[in-house]
Amino acid sequence: MARTAAGLPGGLRLSDYLGIGVIARAYPHEAVLDALRRTGRGSVRRRALPADVMMYYVIAMALFRRVSTREVLRCLMEGLSWVMPRVTLRVSGRSSISRARSRLGSEPFSVLREARVRPLATPSTTGAWYRTRRLTAIDGLMLALPDEAGNREFFGVSGASNGSPSRPLVRVTVLVELGTRAPLAWCGGPVSVSRTEQAERLVPHLEAGMLVLADHSCCGHALWSMAQERGADLLWRAGPTTTFPVYRRFPDGSWESVFAGSGQDARTVRALTCTLAGSEHHDTLVTTLLDHEEAPAAELSTLYHRRRETGAACDEVGTHMFGPGAMLRSKTPELVLQELEGLMLAHYAVRSLIHEAA
């Protein structure tokens with residue numbers, strides 16, 4: 001594997017200052033300090049690497065993927081001196097950076113996310129709405145990790161194929177706003193935790209006025225019920241073994257049915273068939289939108305194809321920001337989860353800037 005670059009080509013560029021500015025604009029210093037206060041992680045004394053600067057550092061690691069951790073700190077310090085002139089720091093070694101990150105943990109990033117991450121789409125944002133409902137979707141990705149014993153034990157490994165060795169992976173499930181491709185909520189953890197289990201942790205971020213698209217990996221009765229009780233509308237692809245009896249057929253070809261779980265209350269749903277791109281068979285979609293005139297089957301079938309935008313959004317994280325074939329830097333589970341928070345917060349900051357520019 002090629003070594004990580006020791007510095008930025010040609011020194012620090014204006015675009016690098018702007019990268020730090022994007023982070024500081026999305027997450028103002030006051031919001032960072034508040035997250036530290038609320039979690040009790042603020043620096044008691046002024047350290048060489050204070051907690052507020054380390055929060056910016058963890059987010060900045062996602063924007064400066066191709067340089068060393070020490071060089072990320074140098075870029076951050078010079079960038080922050082442009083954005084926040086009163087900041088005076090010195091470049092520290094890798095062990096000092098690691099200790100500072102360990103003191104910080106991942107909880108302040110979760111608090112910062114709750115305070116600052118919001119839907120971006122306005123009523124005029126193209127592709128962000130179905131009639132009056134905000135379009136969102138649930139999808140996921142896998143990110144590679146350094147092959148350390150702790151990472152293997154906590155996160156699990158991928159199966160070896162084509163003679164390549166297995167390596168630790170972290171599973172990530174994301175709630176994405178369509179139209180802006182902004183991540184609104186996310187959950188990372190071991191590969192042994194299913195996409196459905198992770199999606200359940202995203203349910204508190206659903207709200208009335210949303211229309212949530214999801215694949216069959218999430219289409220279980222328990223998760224459906226939890227999401228519906230949040231007031232959101234749903235349009236999910238059913239699994240191949242799930243059947244929906246016809247209670248009443250509508251003129252557009254959809255039908256009224258029930259979604260029943262073992263020992264659980266049945267939920268009235270509307271079902272329809274569609275053929276997804278690249279598929280040779282019909283799939284069943286189920287929705288909470290029961291009025292066939294308000295939401296015709298043809299419109300819903302076309303709309304579901306928009307879920308592919310979440311794949312593009314995840315690809316932005318897993319390939320464009322992250323780098324093809326690259327992996328997270330962190331060598332312990334705690335720091336992996338922290339770095340993941342920083343990566344997703346950086347993606348939200350970039351998507352926020354793109355949305356405003358558009």
# chains A, B, ... in the order shown; residues from 1 in each chain; ligands from 1
call {"tool": "residues_around", "arguments": {"residues": "region 293-301 of chain A", "least_positions_apart": "3", "cutoff": "7 Å", "atoms": "only C-alpha atoms", "output": "ChimeraX atom specification"}}
result
/A:252,254,272,274,289,304
call {"tool": "select_by_dssp", "arguments": {"residues": "region 58-185 of chain A", "states": "strand (DSSP E)", "output": "MDAnalysis selection string"}}
result
chainID A and resid 129:130 133:144 169:177 182:185
call {"tool": "write_last_selection", "arguments": {"atoms": "N, CA and C atoms", "output": "compact mmCIF listing (two decimals), in the first residue's frame"}}
result
# COMPACT_ATOMS: atom_id res chain seq x y z
N TRP A 129 -39.05 16.48 -3.13
CA TRP A 129 -40.43 16.38 -2.64
C TRP A 129 -41.26 15.47 -3.52
N TYR A 130 -42.20 14.80 -2.88
CA TYR A 130 -43.30 14.16 -3.61
C TYR A 130 -44.58 14.84 -3.14
N ARG A 133 -44.65 16.05 0.50
CA ARG A 133 -43.85 15.24 1.42
C ARG A 133 -42.37 15.32 1.09
N ARG A 134 -41.57 15.48 2.13
CA ARG A 134 -40.12 15.52 1.97
C ARG A 134 -39.61 14.10 1.71
N LEU A 135 -38.85 13.92 0.64
CA LEU A 135 -38.35 12.59 0.28
C LEU A 135 -37.06 12.26 1.02
N THR A 136 -37.06 11.12 1.68
CA THR A 136 -35.87 10.60 2.32
C THR A 136 -35.77 9.11 2.01
N ALA A 137 -34.62 8.54 2.27
CA ALA A 137 -34.44 7.11 2.02
C ALA A 137 -33.40 6.55 2.97
N ILE A 138 -33.53 5.27 3.24
CA ILE A 138 -32.58 4.57 4.11
C ILE A 138 -31.72 3.66 3.24
N ASP A 139 -30.41 3.75 3.41
CA ASP A 139 -29.48 2.90 2.67
C ASP A 139 -28.25 2.71 3.54
N GLY A 140 -27.24 2.03 3.00
CA GLY A 140 -26.06 1.79 3.81
C GLY A 140 -24.84 1.47 3.00
N LEU A 141 -23.72 1.33 3.69
CA LEU A 141 -22.46 1.00 3.06
C LEU A 141 -21.56 0.32 4.08
N MET A 142 -20.47 -0.26 3.59
CA MET A 142 -19.44 -0.87 4.42
C MET A 142 -18.14 -0.10 4.22
N LEU A 143 -17.43 0.16 5.30
CA LEU A 143 -16.15 0.84 5.23
C LEU A 143 -15.07 -0.06 5.82
N ALA A 144 -13.93 -0.09 5.16
CA ALA A 144 -12.82 -0.93 5.63
C ALA A 144 -12.08 -0.27 6.77
N LEU A 169 -14.52 -4.65 8.89
CA LEU A 169 -15.42 -3.70 8.25
C LEU A 169 -16.37 -3.13 9.28
N VAL A 170 -16.80 -1.90 9.05
CA VAL A 170 -17.85 -1.30 9.86
C VAL A 170 -19.07 -1.13 8.96
N ARG A 171 -20.23 -1.58 9.45
CA ARG A 171 -21.49 -1.39 8.71
C ARG A 171 -22.08 -0.04 9.09
N VAL A 172 -22.52 0.71 8.08
CA VAL A 172 -23.09 2.04 8.30
C VAL A 172 -24.46 2.10 7.61
N THR A 173 -25.48 2.54 8.33
CA THR A 173 -26.81 2.75 7.77
C THR A 173 -27.13 4.23 7.89
N VAL A 174 -27.66 4.81 6.80
CA VAL A 174 -27.81 6.26 6.70
C VAL A 174 -29.22 6.62 6.27
N LEU A 175 -29.77 7.67 6.88
CA LEU A 175 -31.00 8.30 6.42
C LEU A 175 -30.60 9.49 5.57
N VAL A 176 -30.95 9.48 4.28
CA VAL A 176 -30.51 10.49 3.32
C VAL A 176 -31.70 11.31 2.85
N GLU A 177 -31.51 12.61 2.75
CA GLU A 177 -32.52 13.48 2.15
C GLU A 177 -32.32 13.48 0.64
N ALA A 182 -28.10 14.92 1.35
CA ALA A 182 -27.50 15.20 2.66
C ALA A 182 -27.84 14.08 3.64
N PRO A 183 -26.86 13.59 4.40
CA PRO A 183 -27.17 12.61 5.43
C PRO A 183 -27.82 13.31 6.62
N LEU A 184 -28.97 12.81 7.04
CA LEU A 184 -29.69 13.41 8.16
C LEU A 184 -29.45 12.68 9.47
N ALA A 185 -29.13 11.39 9.38
CA ALA A 185 -28.85 10.58 10.56
C ALA A 185 -28.09 9.35 10.09
call {"tool": "select_by_dssp", "arguments": {"residues": "region 115-353 of chain A", "states": "alpha helix (DSSP H)", "output": "PyMOL selection string"}}
result
chain A and resi 115-116+149-155+195-202+221-229+297-304+308-315+333-353
call {"tool": "residues_around", "arguments": {"residues": "Leu223 (chain A)", "least_positions_apart": "4", "cutoff": "9 Å", "atoms": "only C-alpha atoms", "output": "PyMOL selection string"}}
result
chain A and resi 196-197+199-200+203+218-219+227-228
call {"tool": "write_last_selection", "arguments": {"atoms": "C-alpha atoms", "output": "PDB file, in the first residue's frame"}}
result
ATOM      1  CA  THR A 196     -32.707  -3.541  10.015  1.00  0.00           C
ATOM      2  CA  GLU A 197     -31.327  -3.271  13.555  1.00  0.00           C
ATOM      3  CA  ALA A 199     -32.326   1.314  10.828  1.00  0.00           C
ATOM      4  CA  GLU A 200     -34.332   1.000  14.056  1.00  0.00           C
ATOM      5  CA  VAL A 203     -36.415   5.885  13.575  1.00  0.00           C
ATOM      6  CA  CYS A 218     -35.515  -2.954   6.134  1.00  0.00           C
ATOM      7  CA  CYS A 219     -39.002  -4.190   5.357  1.00  0.00           C
ATOM      8  CA  ALA A 227     -41.502   4.197  11.554  1.00  0.00           C
ATOM      9  CA  GLN A 228     -45.224   4.664  10.952  1.00  0.00           C
TER      10      GLN A 228
END
call {"tool": "closest_atom_pairs", "arguments": {"of": "region 29-48 of chain A", "to": "region 56-68 of chain A", "cutoff": "12 Å", "atoms": "only C-alpha atoms", "output": "CSV"}}
result
residue,atom,partner,partner_atom,distance
A:His29,CA,A:Tyr56,CA,9.2
A:Ala31,CA,A:Tyr56,CA,11.5
A:Val32,CA,A:Tyr56,CA,8.5
A:Leu33,CA,A:Tyr56,CA,11.0
call {"tool": "atom_distance", "arguments": {"atom1": "CA of Gly189 (chain A)", "atom2": "CA of Ala238 (chain A)"}}
result
24.7 Å
call {"tool": "residues_around", "arguments": {"residues": "Glu30 (chain A)", "least_positions_apart": "5", "cutoff": "10 Å", "atoms": "only C-alpha atoms", "output": "ChimeraX atom specification"}}
result
/A:35-36,52
call {"tool": "residues_around", "arguments": {"residues": "region 99-115 of chain A", "least_positions_apart": "6", "cutoff": "10 Å", "atoms": "only C-alpha atoms", "output": "PyMOL selection string"}}
result
chain A and resi 27+31-43+47-55+57-59+184-186+205+332+334-342+344-345+348
call {"tool": "atom_distance", "arguments": {"atom1": "CA of His347 (chain A)", "atom2": "CA of Gly21 (chain A)"}}
result
13.8 Å
call {"tool": "residues_around", "arguments": {"residues": "Pro240 (chain A)", "least_positions_apart": "6", "cutoff": "12 Å", "atoms": "only C-alpha atoms", "output": "ChimeraX atom specification"}}
result
/A:215-217,219,281-285
call {"tool": "write_last_selection", "arguments": {"atoms": "N, CA and C atoms", "output": "short mmCIF file (atom, residue, chain, number, x, y, z; two decimals), in the first residue's frame"}}
result
data_model
loop_
_atom_site.label_atom_id
_atom_site.label_comp_id
_atom_site.auth_asym_id
_atom_site.auth_seq_id
_atom_site.Cartn_x
_atom_site.Cartn_y
_atom_site.Cartn_z
N ASP A 215 -35.34 -0.36 1.08
CA ASP A 215 -35.26 -1.64 0.39
C ASP A 215 -35.82 -2.75 1.28
N HIS A 216 -35.90 -3.95 0.71
CA HIS A 216 -36.47 -5.08 1.46
C HIS A 216 -35.65 -5.46 2.68
N SER A 217 -34.36 -5.05 2.75
CA SER A 217 -33.55 -5.36 3.92
C SER A 217 -34.10 -4.69 5.17
N CYS A 219 -37.55 -4.04 5.38
CA CYS A 219 -39.00 -4.19 5.36
C CYS A 219 -39.48 -5.31 6.28
N HIS A 281 -37.86 -9.58 -12.86
CA HIS A 281 -39.10 -10.01 -12.25
C HIS A 281 -39.77 -8.82 -11.57
N HIS A 282 -41.03 -9.02 -11.23
CA HIS A 282 -41.79 -7.96 -10.58
C HIS A 282 -41.48 -7.93 -9.09
N ASP A 283 -41.38 -6.71 -8.56
CA ASP A 283 -41.23 -6.51 -7.12
C ASP A 283 -42.51 -5.92 -6.56
N THR A 284 -42.72 -6.17 -5.27
CA THR A 284 -43.88 -5.61 -4.59
C THR A 284 -43.45 -4.44 -3.73
N LEU A 285 -44.12 -3.32 -3.92
CA LEU A 285 -43.91 -2.15 -3.07
C LEU A 285 -45.10 -2.03 -2.13
#
call {"tool": "residues_around", "arguments": {"residues": "Pro204 (chain A)", "least_positions_apart": "3", "cutoff": "8 Å", "atoms": "only C-alpha atoms", "output": "list in words"}}
result
Arg201, Glu207 and Arg230 of chain A
call {"tool": "write_last_selection", "arguments": {"atoms": "C-alpha atoms", "output": "PDB file, in the first residue's frame"}}
result
ATOM      1  CA  ARG A 201     -31.866   3.429  15.656  1.00  0.00           C
ATOM      2  CA  GLU A 207     -41.083  12.814  11.382  1.00  0.00           C
ATOM      3  CA  ARG A 230     -43.368   8.510  14.096  1.00  0.00           C
TER       4      ARG A 230
END
call {"tool": "closest_residue", "arguments": {"among": "A:Thr132, A:Ser98, A:Thr243, A:Ser158", "to": "Leu145 (chain A)", "atoms": "only C-alpha atoms"}}
result
A:Ser158
call {"tool": "closest_residue", "arguments": {"among": "A:Val350, A:Ala260, A:Leu290, A:Leu235", "to": "Ala222 (chain A)", "atoms": "only C-alpha atoms"}}
result
A:Ala260
call {"tool": "decode", "arguments": {"residues": "region 94-112 of chain A", "atoms": "N, CA and C atoms", "output": "short mmCIF file (atom, residue, chain, number, x, y, z; two decimals), in the first residue's frame"}}
result
data_model
loop_
_atom_site.label_atom_id
_atom_site.label_comp_id
_atom_site.auth_asym_id
_atom_site.auth_seq_id
_atom_site.Cartn_x
_atom_site.Cartn_y
_atom_site.Cartn_z
N ARG A 94 1.93 11.96 16.61
CA ARG A 94 0.80 11.05 16.42
C ARG A 94 0.29 10.52 17.75
N SER A 95 1.18 10.21 18.69
CA SER A 95 0.73 9.66 19.97
C SER A 95 -0.08 10.69 20.75
N SER A 96 0.34 11.96 20.69
CA SER A 96 -0.42 13.02 21.37
C SER A 96 -1.79 13.19 20.75
N ILE A 97 -1.86 13.11 19.42
CA ILE A 97 -3.14 13.23 18.73
C ILE A 97 -4.06 12.08 19.13
N SER A 98 -3.52 10.86 19.18
CA SER A 98 -4.32 9.69 19.54
C SER A 98 -4.86 9.81 20.96
N ARG A 99 -4.01 10.27 21.90
CA ARG A 99 -4.47 10.44 23.29
C ARG A 99 -5.56 11.50 23.39
N ALA A 100 -5.38 12.58 22.65
CA ALA A 100 -6.38 13.65 22.67
C ALA A 100 -7.71 13.17 22.11
N ARG A 101 -7.67 12.36 21.06
CA ARG A 101 -8.90 11.79 20.50
C ARG A 101 -9.55 10.83 21.48
N SER A 102 -8.76 10.05 22.20
CA SER A 102 -9.31 9.11 23.17
C SER A 102 -9.99 9.84 24.31
N ARG A 103 -9.42 10.95 24.75
CA ARG A 103 -10.06 11.74 25.81
C ARG A 103 -11.40 12.28 25.34
N LEU A 104 -11.46 12.61 24.07
CA LEU A 104 -12.67 13.24 23.53
C LEU A 104 -13.82 12.25 23.37
N GLY A 105 -13.54 11.04 22.86
CA GLY A 105 -14.59 10.06 22.62
C GLY A 105 -15.48 10.46 21.45
N SER A 106 -16.62 9.80 21.31
CA SER A 106 -17.52 10.06 20.18
C SER A 106 -18.82 10.76 20.59
N GLU A 107 -19.12 10.80 21.88
CA GLU A 107 -20.40 11.37 22.32
C GLU A 107 -20.59 12.83 21.93
N PRO A 108 -19.55 13.70 22.05
CA PRO A 108 -19.77 15.10 21.65
C PRO A 108 -20.19 15.25 20.19
N PHE A 109 -19.74 14.35 19.32
CA PHE A 109 -20.10 14.44 17.91
C PHE A 109 -21.58 14.11 17.71
N SER A 110 -22.08 13.16 18.50
CA SER A 110 -23.51 12.84 18.43
C SER A 110 -24.36 14.04 18.86
N VAL A 111 -23.91 14.72 19.92
CA VAL A 111 -24.63 15.90 20.39
C VAL A 111 -24.56 17.02 19.36
N LEU A 112 -23.39 17.20 18.75
CA LEU A 112 -23.25 18.22 17.70
C LEU A 112 -24.15 17.89 16.52
#
